[in-house]
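Raw run04.txt, compact mmCIF, C-alpha atoms:
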```
# COMPACT_ATOMS: atom_id res chain seq x y z
CA MET A 888 -287.92 -155.30 68.01
CA PRO A 889 -284.85 -155.43 65.78
CA ASP A 890 -284.66 -151.62 65.94
CA ASN A 891 -284.63 -151.69 69.76
CA MET A 892 -281.88 -154.31 69.80
CA HIS A 893 -279.84 -152.25 67.35
CA HIS A 894 -280.17 -149.13 69.51
CA GLN A 895 -279.17 -151.05 72.63
CA TRP A 896 -276.04 -152.42 70.97
CA LEU A 897 -275.12 -148.95 69.78
CA LEU A 898 -275.62 -147.53 73.28
CA LEU A 899 -273.53 -150.31 74.79
CA ALA A 900 -270.73 -149.75 72.27
CA ALA A 901 -270.78 -146.03 73.00
CA CYS A 902 -270.48 -146.70 76.74
CA PHE A 903 -267.49 -148.99 76.22
CA TRP A 904 -265.84 -146.31 73.99
CA VAL A 905 -266.31 -143.61 76.64
CA ILE A 906 -264.88 -145.89 79.36
CA PHE A 907 -261.89 -146.79 77.13
CA MET A 908 -261.11 -143.13 76.34
CA PHE A 909 -261.38 -142.24 80.02
CA MET A 910 -258.85 -144.96 80.90
CA VAL A 911 -256.41 -143.72 78.23
CA ALA A 912 -256.78 -140.13 79.38
CA SER A 913 -256.31 -141.16 83.01
CA LYS A 914 -253.12 -143.02 82.14
CA PHE A 915 -251.76 -140.00 80.24
CA ILE A 916 -252.58 -137.65 83.11
CA THR A 917 -250.89 -139.99 85.59
CA LEU A 918 -247.72 -140.24 83.47
CA THR A 919 -247.53 -136.53 82.79
CA PHE A 920 -248.34 -134.94 86.12
CA LYS A 921 -247.28 -137.63 88.54
CA ASP A 922 -244.12 -135.76 89.62
CA PRO A 923 -243.12 -132.24 88.49
CA ASP A 924 -239.42 -133.02 89.01
CA GLY A 925 -239.75 -136.20 87.02
CA TYR A 926 -241.39 -134.25 84.22
CA GLY A 927 -238.49 -131.87 84.13
CA VAL A 928 -236.06 -134.73 83.85
CA ARG A 929 -238.19 -136.37 81.17
CA GLN A 930 -238.34 -133.13 79.20
CA GLU A 931 -234.57 -132.71 79.41
CA SER A 932 -234.11 -136.22 78.11
CA LEU A 933 -236.42 -135.50 75.20
CA ILE A 934 -234.53 -132.32 74.36
CA LEU A 935 -231.16 -134.10 74.40
CA THR A 936 -232.57 -136.82 72.19
CA ALA A 937 -233.87 -134.24 69.75
CA VAL A 938 -230.53 -132.46 69.59
CA THR A 939 -228.72 -135.72 69.00
CA LYS A 940 -231.06 -136.56 66.16
CA VAL A 941 -230.53 -133.16 64.57
CA GLU A 942 -226.78 -133.64 64.73
CA GLU A 943 -227.10 -137.09 63.23
CA VAL A 944 -229.10 -135.65 60.38
CA HIS A 945 -226.52 -132.97 59.68
CA ALA A 946 -223.40 -135.03 60.28
CA PRO A 947 -223.31 -136.63 56.83
CA GLU A 948 -222.99 -133.16 55.27
CA GLU A 949 -219.50 -132.87 56.74
CA LYS A 950 -218.15 -135.47 54.35
CA HIS A 951 -219.21 -133.29 51.44
CA TRP A 952 -216.58 -130.69 52.35
CA PRO A 953 -213.76 -130.78 49.79
CA GLU A 954 -210.72 -132.56 51.14
CA GLU A 955 -208.60 -129.42 51.13
CA PHE A 956 -210.96 -127.81 53.66
CA GLN A 957 -210.42 -130.55 56.21
CA PRO A 958 -207.80 -129.84 58.90
CA THR A 959 -204.64 -131.85 58.54
CA GLY A 960 -202.49 -133.27 61.31
CA LYS A 961 -204.43 -133.77 64.55
CA ALA A 962 -208.00 -134.96 64.04
CA PHE A 963 -210.94 -133.04 65.49
CA SER A 964 -213.02 -134.61 68.22
CA GLY A 965 -216.80 -134.82 67.83
CA ASN A 966 -217.36 -131.73 69.95
CA LEU A 967 -214.91 -129.68 67.92
CA ILE A 968 -216.51 -130.68 64.65
CA ARG A 969 -219.88 -129.46 65.90
CA GLN A 970 -218.48 -126.32 67.48
CA PRO A 971 -216.53 -124.42 64.85
CA LEU A 972 -218.80 -123.79 61.91
CA VAL A 973 -217.21 -120.36 61.69
CA HIS A 974 -213.78 -121.92 61.16
CA MET A 975 -215.05 -124.14 58.34
CA GLU A 976 -216.71 -121.11 56.76
CA ARG A 977 -213.42 -119.22 56.94
CA LEU A 978 -211.62 -122.04 55.14
CA GLU A 979 -214.38 -122.29 52.55
CA LEU A 980 -214.18 -118.54 51.87
CA LEU A 981 -210.41 -118.79 51.58
CA ARG A 982 -210.58 -121.59 49.03
CA ASN A 983 -213.24 -119.80 46.99
CA ILE A 984 -211.21 -116.59 46.81
CA CYS A 985 -208.08 -118.60 45.97
CA ARG A 986 -209.96 -119.96 42.94
CA ASP A 987 -211.04 -116.48 41.80
CA THR A 988 -208.84 -115.83 38.77
CA ALA A 989 -209.57 -112.10 38.93
CA LEU A 990 -207.76 -111.93 42.30
CA ARG A 991 -205.00 -114.38 41.49
CA ASP A 992 -202.20 -111.81 41.61
CA LEU A 993 -203.38 -110.69 45.06
CA SER A 994 -204.01 -114.12 46.57
CA HIS A 995 -201.19 -116.34 45.33
CA THR A 996 -197.46 -116.37 45.98
CA ALA A 997 -194.63 -118.84 45.74
CA VAL A 998 -193.76 -120.93 48.82
CA SER A 999 -190.33 -119.31 48.88
CA LYS A 1000 -187.68 -119.20 51.58
CA PHE A 1001 -189.24 -115.93 52.71
CA VAL A 1002 -192.48 -117.80 53.47
CA LEU A 1003 -190.73 -120.81 55.03
CA ASP A 1004 -188.79 -118.44 57.29
CA ARG A 1005 -192.12 -117.24 58.72
CA ILE A 1006 -193.27 -120.73 59.74
CA PHE A 1007 -192.16 -122.04 63.13
CA VAL A 1008 -192.05 -125.76 63.88
CA CYS A 1009 -193.03 -127.82 66.90
CA ASP A 1010 -192.04 -131.38 65.94
CA LYS A 1011 -192.95 -132.81 69.34
CA HIS A 1012 -196.63 -132.02 68.80
CA LYS A 1013 -196.63 -131.77 64.99
CA ILE A 1014 -197.58 -128.10 64.75
CA LEU A 1015 -196.65 -125.38 62.24
CA PHE A 1016 -197.34 -121.73 63.08
CA CYS A 1017 -197.00 -119.01 60.45
CA GLN A 1018 -195.96 -115.71 61.96
CA THR A 1019 -198.05 -112.65 61.01
CA PRO A 1020 -196.53 -109.74 62.96
CA LYS A 1021 -198.76 -107.19 64.72
CA VAL A 1022 -201.46 -109.82 65.36
CA GLY A 1023 -200.46 -111.05 68.83
CA ASN A 1024 -197.77 -113.38 67.54
CA THR A 1025 -195.51 -112.92 70.56
CA GLN A 1026 -197.97 -114.87 72.71
CA TRP A 1027 -198.22 -117.74 70.21
CA LYS A 1028 -194.43 -117.93 70.07
CA LYS A 1029 -194.42 -118.30 73.86
CA VAL A 1030 -196.90 -121.17 73.57
CA LEU A 1031 -194.64 -122.97 71.09
CA ILE A 1032 -191.49 -122.28 73.14
CA VAL A 1033 -193.10 -124.05 76.10
CA LEU A 1034 -194.29 -126.93 73.92
CA ASN A 1035 -190.79 -127.37 72.51
CA GLY A 1036 -189.46 -127.70 76.06
CA ALA A 1037 -187.18 -124.67 76.20
CA PHE A 1038 -189.14 -123.36 79.23
CA SER A 1039 -191.63 -125.07 81.50
CA SER A 1040 -194.16 -122.22 81.55
CA ILE A 1041 -194.99 -119.07 79.63
CA GLU A 1042 -194.36 -116.90 82.69
CA GLU A 1043 -190.73 -118.04 82.83
CA ILE A 1044 -189.85 -116.85 79.31
CA PRO A 1045 -187.88 -113.55 79.29
CA GLU A 1046 -189.24 -111.08 76.75
CA ASN A 1047 -185.85 -110.67 75.09
CA ILE A 1048 -185.72 -114.43 74.39
CA VAL A 1049 -189.05 -114.64 72.53
CA HIS A 1050 -187.74 -112.96 69.39
CA ASP A 1051 -184.16 -114.21 69.66
CA HIS A 1052 -184.32 -117.10 67.23
CA GLU A 1053 -180.94 -118.44 68.29
CA LYS A 1054 -182.11 -118.89 71.88
CA ASN A 1055 -185.88 -119.44 71.84
CA GLY A 1056 -185.75 -123.04 70.58
CA LEU A 1057 -188.13 -122.42 67.67
CA PRO A 1058 -186.81 -123.90 64.41
CA ARG A 1059 -188.04 -122.39 61.17
CA LEU A 1060 -189.46 -124.61 58.48
CA SER A 1061 -186.79 -123.28 56.09
CA SER A 1062 -184.12 -125.04 58.17
CA PHE A 1063 -185.26 -128.49 56.98
CA SER A 1064 -184.57 -130.34 53.75
CA ASP A 1065 -187.08 -130.18 50.91
CA SER A 1066 -188.45 -133.63 51.68
CA GLU A 1067 -188.77 -132.83 55.39
CA ILE A 1068 -190.52 -129.56 54.59
CA LYS A 1069 -193.00 -131.33 52.34
CA LYS A 1070 -193.68 -134.01 54.97
CA ARG A 1071 -194.43 -131.43 57.65
CA LEU A 1072 -196.63 -129.35 55.38
CA ASN A 1073 -198.65 -132.45 54.53
CA LEU A 1074 -198.97 -133.96 58.00
CA TYR A 1075 -198.77 -131.23 60.65
CA PHE A 1076 -201.48 -129.06 62.15
CA LYS A 1077 -201.01 -125.61 60.60
CA PHE A 1078 -202.43 -122.26 61.64
CA PHE A 1079 -201.95 -118.50 61.60
CA ILE A 1080 -203.80 -115.42 62.87
CA VAL A 1081 -205.12 -112.40 60.96
CA ARG A 1082 -206.75 -109.07 61.85
CA ASP A 1083 -208.26 -106.19 59.91
CA PRO A 1084 -205.49 -105.33 57.39
CA PHE A 1085 -205.64 -101.56 57.85
CA GLU A 1086 -205.69 -101.78 61.64
CA ARG A 1087 -202.65 -104.04 61.43
CA LEU A 1088 -200.79 -101.42 59.38
CA ILE A 1089 -201.58 -98.78 61.99
CA SER A 1090 -200.22 -101.09 64.67
CA ALA A 1091 -197.04 -101.67 62.66
CA PHE A 1092 -196.55 -97.93 62.11
CA LYS A 1093 -197.00 -97.11 65.81
CA ASP A 1094 -194.84 -99.99 67.02
CA LYS A 1095 -191.89 -99.46 64.69
CA PHE A 1096 -191.86 -95.74 63.90
CA VAL A 1097 -193.54 -94.03 66.88
CA HIS A 1098 -193.03 -95.99 70.12
CA ASN A 1099 -190.39 -98.55 69.10
CA PRO A 1100 -190.53 -100.37 72.46
CA ARG A 1101 -187.92 -102.98 71.57
CA PHE A 1102 -185.28 -100.37 70.79
CA GLU A 1103 -184.84 -101.24 67.14
CA PRO A 1104 -183.15 -98.05 65.91
CA TRP A 1105 -182.93 -99.12 62.27
CA TYR A 1106 -186.63 -98.46 61.74
CA ARG A 1107 -186.29 -94.77 62.57
CA HIS A 1108 -182.75 -94.20 61.38
CA GLU A 1109 -182.62 -96.27 58.19
CA ILE A 1110 -186.07 -97.29 56.98
CA ALA A 1111 -187.97 -94.10 57.85
CA PRO A 1112 -185.50 -91.77 56.05
CA GLY A 1113 -185.66 -94.00 52.95
CA ILE A 1114 -189.46 -93.74 52.83
CA ILE A 1115 -189.41 -89.99 53.49
CA ARG A 1116 -186.92 -89.30 50.70
CA LYS A 1117 -189.10 -91.03 48.12
CA TYR A 1118 -192.65 -90.35 49.27
CA ARG A 1119 -192.84 -87.08 51.25
CA LYS A 1120 -194.42 -84.31 49.21
CA ASN A 1121 -193.11 -81.44 51.30
CA ARG A 1122 -189.38 -82.01 51.42
CA THR A 1123 -188.83 -79.03 53.72
CA GLU A 1124 -190.83 -80.72 56.48
CA THR A 1125 -188.46 -82.10 59.08
CA LYS A 1126 -190.83 -84.24 61.17
CA GLY A 1127 -190.20 -87.95 61.44
CA LEU A 1128 -192.05 -90.49 59.35
CA GLN A 1129 -195.76 -89.68 59.14
CA PHE A 1130 -198.54 -92.18 58.55
CA GLU A 1131 -199.24 -90.47 55.21
CA ASP A 1132 -195.69 -91.21 54.05
CA PHE A 1133 -196.06 -94.81 55.17
CA VAL A 1134 -199.33 -95.24 53.25
CA ARG A 1135 -197.83 -93.81 50.05
CA TYR A 1136 -194.92 -96.24 50.29
CA LEU A 1137 -197.14 -99.28 50.87
CA GLY A 1138 -199.59 -98.32 48.11
CA ASP A 1139 -196.94 -97.66 45.50
CA PRO A 1140 -197.03 -100.42 42.84
CA ASN A 1141 -193.24 -100.03 42.68
CA HIS A 1142 -192.70 -100.48 46.42
CA ARG A 1143 -190.56 -103.58 45.94
CA TRP A 1144 -187.34 -101.77 45.18
CA LEU A 1145 -187.46 -100.30 48.70
CA ASP A 1146 -188.58 -103.63 50.17
CA VAL A 1147 -185.40 -105.23 48.89
CA GLN A 1148 -183.35 -102.58 50.69
CA PHE A 1149 -185.29 -103.04 53.93
CA GLY A 1150 -184.87 -106.83 53.96
CA ASP A 1151 -186.84 -108.97 56.41
CA HIS A 1152 -187.95 -105.92 58.38
CA ILE A 1153 -190.86 -105.62 55.95
CA ILE A 1154 -192.57 -108.62 57.60
CA HIS A 1155 -194.39 -106.17 59.87
CA TRP A 1156 -196.38 -104.67 57.00
CA VAL A 1157 -196.39 -106.98 53.98
CA THR A 1158 -199.60 -108.86 53.19
CA TYR A 1159 -200.71 -112.10 54.82
CA VAL A 1160 -200.48 -113.63 51.36
CA GLU A 1161 -196.78 -112.78 51.11
CA LEU A 1162 -196.12 -114.02 54.65
CA CYS A 1163 -198.00 -117.33 54.76
CA ALA A 1164 -199.01 -118.32 51.19
CA PRO A 1165 -202.55 -119.33 52.28
CA CYS A 1166 -203.59 -120.37 48.77
CA GLU A 1167 -200.59 -122.67 48.38
CA ILE A 1168 -200.47 -124.17 51.89
CA THR A 1169 -203.56 -125.93 53.26
CA TYR A 1170 -203.95 -124.48 56.75
CA SER A 1171 -205.94 -126.29 59.40
CA VAL A 1172 -207.23 -123.17 61.15
CA ILE A 1173 -207.14 -119.42 60.53
CA GLY A 1174 -207.72 -117.48 63.72
CA HIS A 1175 -208.94 -113.89 63.84
CA HIS A 1176 -207.51 -111.36 66.27
CA GLU A 1177 -210.98 -109.87 66.74
CA THR A 1178 -212.32 -113.20 68.10
CA LEU A 1179 -209.14 -114.39 69.78
CA GLU A 1180 -210.92 -115.04 73.09
CA ASP A 1181 -212.77 -117.87 71.33
CA ASP A 1182 -210.20 -118.77 68.68
CA ALA A 1183 -207.20 -119.29 70.97
CA PRO A 1184 -208.81 -122.05 73.09
CA TYR A 1185 -210.22 -123.62 69.94
CA ILE A 1186 -206.80 -123.72 68.26
CA LEU A 1187 -205.17 -125.27 71.34
CA LYS A 1188 -207.86 -127.95 71.50
CA ALA A 1189 -207.83 -128.60 67.76
CA ALA A 1190 -204.06 -129.07 67.89
CA GLY A 1191 -204.42 -131.46 70.84
CA ILE A 1192 -202.37 -129.35 73.25
CA ASP A 1193 -205.02 -127.66 75.42
CA HIS A 1194 -204.09 -129.94 78.35
CA LEU A 1195 -200.43 -128.92 78.09
CA VAL A 1196 -200.48 -125.13 77.78
CA SER A 1197 -202.86 -122.18 77.93
CA TYR A 1198 -202.88 -119.03 75.85
CA PRO A 1199 -201.82 -116.05 77.99
CA THR A 1200 -204.59 -113.94 79.51
CA ILE A 1201 -206.05 -111.48 76.98
CA PRO A 1202 -206.61 -107.97 78.43
CA PRO A 1203 -210.27 -106.91 78.09
CA GLY A 1204 -211.06 -105.05 74.87
CA ILE A 1205 -207.59 -105.35 73.37
CA THR A 1206 -208.74 -107.49 70.44
CA VAL A 1207 -211.83 -105.44 69.52
CA TYR A 1208 -211.70 -103.72 66.13
CA ASN A 1209 -211.24 -99.99 66.76
CA ARG A 1210 -213.10 -98.35 63.92
CA THR A 1211 -212.66 -94.85 65.40
CA LYS A 1212 -208.89 -95.25 65.53
CA VAL A 1213 -208.73 -96.50 61.93
CA GLU A 1214 -210.90 -93.63 60.65
CA ARG A 1215 -208.82 -91.10 62.59
CA TYR A 1216 -205.54 -92.34 61.11
CA PHE A 1217 -206.91 -92.33 57.57
CA SER A 1218 -208.81 -89.04 57.87
CA GLY A 1219 -205.83 -87.02 56.61
CA ILE A 1220 -204.94 -89.39 53.77
CA SER A 1221 -206.07 -88.65 50.21
CA LYS A 1222 -208.65 -90.97 48.64
CA ARG A 1223 -206.18 -91.71 45.86
CA ASP A 1224 -203.55 -92.96 48.32
CA ILE A 1225 -206.12 -94.99 50.29
CA ARG A 1226 -207.41 -96.63 47.11
CA ARG A 1227 -203.90 -97.54 46.06
CA LEU A 1228 -203.25 -99.02 49.50
CA TYR A 1229 -206.49 -101.01 49.37
CA ALA A 1230 -205.60 -102.25 45.89
CA ARG A 1231 -202.47 -103.83 47.34
CA PHE A 1232 -204.21 -105.34 50.39
CA GLU A 1233 -207.47 -106.28 48.67
CA GLY A 1234 -206.43 -109.94 48.67
CA ASP A 1235 -206.12 -109.89 52.47
CA PHE A 1236 -209.51 -108.21 52.87
CA LYS A 1237 -211.26 -110.70 50.60
CA LEU A 1238 -209.48 -113.92 51.63
CA PHE A 1239 -210.26 -113.44 55.30
CA GLY A 1240 -213.68 -111.85 55.13
CA TYR A 1241 -212.89 -108.26 56.10
CA ARG A 1242 -215.14 -105.51 54.79
CA GLU A 1243 -213.86 -102.76 52.58
CA PRO A 1244 -213.59 -99.68 54.84
CA ASP A 1245 -216.64 -97.39 54.79
CA PHE A 1246 -214.47 -94.28 54.39
CA LEU A 1247 -213.20 -95.73 51.14
CA LEU A 1248 -216.75 -96.08 49.80
CA ASN A 1249 -217.87 -92.51 50.58
```
Show how you would write the structure in this file as structure tokens.
Amino acid sequence: MPDNMHHQWLLLAACFWVIFMFMVASKFITLTFKDPDGYGVRQESLILTAVTKVEEVHAPEEKHWPEEFQPTGKAFSGNLIRQPLVHMERLELLRNICRDTALRDLSHTAVSKFVLDRIFVCDKHKILFCQTPKVGNTQWKKVLIVLNGAFSSIEEIPENIVHDHEKNGLPRLSSFSDSEIKKRLNLYFKFFIVRDPFERLISAFKDKFVHNPRFEPWYRHEIAPGIIRKYRKNRTETKGLQFEDFVRYLGDPNHRWLDVQFGDHIIHWVTYVELCAPCEITYSVIGHHETLEDDAPYILKAAGIDHLVSYPTIPPGITVYNRTKVERYFSGISKRDIRRLYARFEGDFKLFGYREPDFLLN
């Protein structure tokens, strides 16, 4: 008798368990498949929640960045902090190379008047822009001219005004007192743009010694003859300045005696280090010409001016690195001359994450 009672209780308990599980399963099925559209909405909500939690987990890591990596001047919004990992990586690389004692001579320079002359000021919006010629700087100057109020739109600015520093309304940082310079360097949003160093040199050579679209005769009639006299091997050759001559001049460890004669015209081909002192000045953002389609809007937003001005339209493909062109220009240059050129510009390659050219490794 006790055994029968025991079996009955077990059977009853099993029945209740089956009924309970069926009710749970029924409830789950009802919640899950009640409405396909509702499920989609519920899934989207779950995904957004998951993303938010991931960001919350990673957010504390941002405070571990060294202070010198953090942008100065305008603060980043939440979206911008999440967006530009590439920009933080660029700043981290820069700081690491700046600390490399083996590259110190190639990465450091004094914040001299020459450097301060390259930095344009927008006091109204607390922005400093360091000019790096042959990297689309004309367009950035137009942006600052509009911000400074000299013209109401980029389209209104005459081309001859952009580079006329007496008329374009762009003060240079060198025009301020020492204390005012220091205050702006500490507080303002600061940026500049770079591109592959060798491609930039090709652009400078073509612009100043081949096409010369701005009718600057001194490049062909004064600077080119000076380079030819010192660096052309075949003195009987009467052609104008060749890229080979230009490379020999730039790669010569004793190039500075000619630089002094050429004055500020050398800004079109000296290193980014010499122009902007990136290891001495803590820049907020370093844009790359190759990714300008993304970098330009990011810089405008990071500086807090994206609602005031837009970067001019970028023609398709103009910012893409042209490896074929670079290899073609250097194909007739001796390995010795290329190595000497790279030795001078190695700091630029390393500071900004550009690869050593393949033709130099072969």
**Item:** Atomic separation - CA of Arg1082 in chain A relative to CA of Thr1206 in chain A, Å
**Value:**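 Between CA of Thr1206 in chain A and CA of Arg1082 in chain A the gap is 9.0 Å.
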Protein and nucleic acid residues near (-193.8, -118.6, 58.2) (cut-off 7 Å, all atoms listed in the file) as a CSV table (one decimal) with C-alpha atoms, in the coordinates of the input:
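Contents of part_2.csv, freshly written:
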```
chain,number,residue,atom,x,y,z
A,1002,VAL,CA,-192.5,-117.8,53.5
A,1003,LEU,CA,-190.7,-120.8,55.0
A,1004,ASP,CA,-188.8,-118.4,57.3
A,1005,ARG,CA,-192.1,-117.2,58.7
A,1006,ILE,CA,-193.3,-120.7,59.7
A,1007,PHE,CA,-192.2,-122.0,63.1
A,1016,PHE,CA,-197.3,-121.7,63.1
A,1017,CYS,CA,-197.0,-119.0,60.4
A,1018,GLN,CA,-196.0,-115.7,62.0
A,1162,LEU,CA,-196.1,-114.0,54.6
A,1163,CYS,CA,-198.0,-117.3,54.8
```
**Item:** Neighbour list for Cys1166 in chain A as a PyMOL selection string, cut-off 12 Å, all atoms listed in the file, skip fewer than 4 positions in-chain
**Value:** chain A and resi 955-956+978-987+990-998+1159-1162+1170+1234-1235+1238-1239
**Message:** One decimal, in Å: what's the spacing between CA of Gly1113 in chain A and CA of Ile1089 in chain A?
**Reply:** 18.9 Å
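Atom pair CA of Gly1240 in chain A / CA of Thr988 in chain A has a distance of 17.5 Å (rounded to one decimal).
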**Message:** My list of candidates is A:Glu1177, A:Arg1231, A:Gly1127, A:Asp1182. Which is closest to Ile1205 in chain A when distances are computed with all atoms listed in the file?
**Reply:**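 For Ile1205 in chain A, the nearest of the given residues is A:Glu1177.
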**Prompt:** For Lys1021 in chain A, which residue out of A:Phe1038, A:Trp1156, A:Phe1078, A:Phe1063 is the nearest one, using only C-alpha atoms?
**Reply:**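 Ranked by minimum distance to Lys1021 in chain A, first place goes to A:Trp1156.
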Box time for range 1181-1187 of chain A: axis-aligned, enclosing all its listed atoms, 8 Å extra on each side; report centre and edge lengths in Å to one decimal, as JSON.
```
{"center_x": -209.0, "center_y": -121.6, "center_z": 70.7, "size_x": 23.6, "size_y": 23.4, "size_z": 20.8}
```
**Item:** Residue with smallest distance to Lys1013 in chain A - pool A:Val973, A:Ala1183, A:Val1213, A:Leu1034, counting all atoms listed in the file
**Value:** A:Leu1034
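Ranking A:Tyr1185, A:Pro1244, A:Ser1061, A:Lys1222 by their shortest atom-to-atom distance to Ser999 in chain A, with all atoms listed in the file included, puts A:Ser1061 first.
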**Item:** Residue neighbourhood Thr1211 in chain A, 12 Å, only C-alpha atoms, exclusion window fewer than 6 positions, as JSON, numbers by chain
**Value:** {"A": [1086, 1217, 1218, 1244, 1245, 1246]}
Just the selected residues (C-alpha atoms), exported as a short mmCIF file (atom, residue, chain, number, x, y, z; two decimals), keeping the file's coordinate frame, please.
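What ended up in result_27.cif:
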```
data_model
loop_
_atom_site.label_atom_id
_atom_site.label_comp_id
_atom_site.auth_asym_id
_atom_site.auth_seq_id
_atom_site.Cartn_x
_atom_site.Cartn_y
_atom_site.Cartn_z
CA GLU A 1086 -205.69 -101.78 61.64
CA PHE A 1217 -206.91 -92.33 57.57
CA SER A 1218 -208.81 -89.04 57.87
CA PRO A 1244 -213.59 -99.68 54.84
CA ASP A 1245 -216.64 -97.39 54.79
CA PHE A 1246 -214.47 -94.28 54.39
#
```
Write out N, CA and C atoms for range 1059-1070 of chain A, as a tab-separated table (two decimals), in the coordinates of the input.
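Dumped to out29.tsv:
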```tsv
chain	number	residue	atom	x	y	z
A	1059	ARG	N	-187.22	-122.83	62.31
A	1059	ARG	CA	-188.04	-122.39	61.17
A	1059	ARG	C	-188.16	-123.53	60.18
A	1060	LEU	N	-189.25	-123.53	59.45
A	1060	LEU	CA	-189.46	-124.61	58.48
A	1060	LEU	C	-188.38	-124.59	57.41
A	1061	SER	N	-187.83	-123.41	57.13
A	1061	SER	CA	-186.79	-123.28	56.09
A	1061	SER	C	-185.49	-124.01	56.46
A	1062	SER	N	-185.36	-124.39	57.74
A	1062	SER	CA	-184.12	-125.04	58.17
A	1062	SER	C	-184.09	-126.53	57.85
A	1063	PHE	N	-185.18	-127.07	57.30
A	1063	PHE	CA	-185.26	-128.49	56.98
A	1063	PHE	C	-185.01	-128.73	55.49
A	1064	SER	N	-184.75	-129.98	55.15
A	1064	SER	CA	-184.57	-130.34	53.75
A	1064	SER	C	-185.91	-130.27	53.01
A	1065	ASP	N	-185.85	-130.27	51.71
A	1065	ASP	CA	-187.08	-130.18	50.91
A	1065	ASP	C	-188.07	-131.29	51.25
A	1066	SER	N	-187.57	-132.51	51.39
A	1066	SER	CA	-188.45	-133.63	51.68
A	1066	SER	C	-189.05	-133.51	53.08
A	1067	GLU	N	-188.26	-133.02	54.03
A	1067	GLU	CA	-188.77	-132.83	55.39
A	1067	GLU	C	-189.78	-131.69	55.45
A	1068	ILE	N	-189.56	-130.67	54.67
A	1068	ILE	CA	-190.52	-129.56	54.59
A	1068	ILE	C	-191.85	-130.06	54.05
A	1069	LYS	N	-191.78	-130.82	52.96
A	1069	LYS	CA	-193.00	-131.33	52.34
A	1069	LYS	C	-193.75	-132.25	53.30
A	1070	LYS	N	-193.03	-133.10	54.02
A	1070	LYS	CA	-193.68	-134.01	54.97
A	1070	LYS	C	-194.42	-133.23	56.06
```
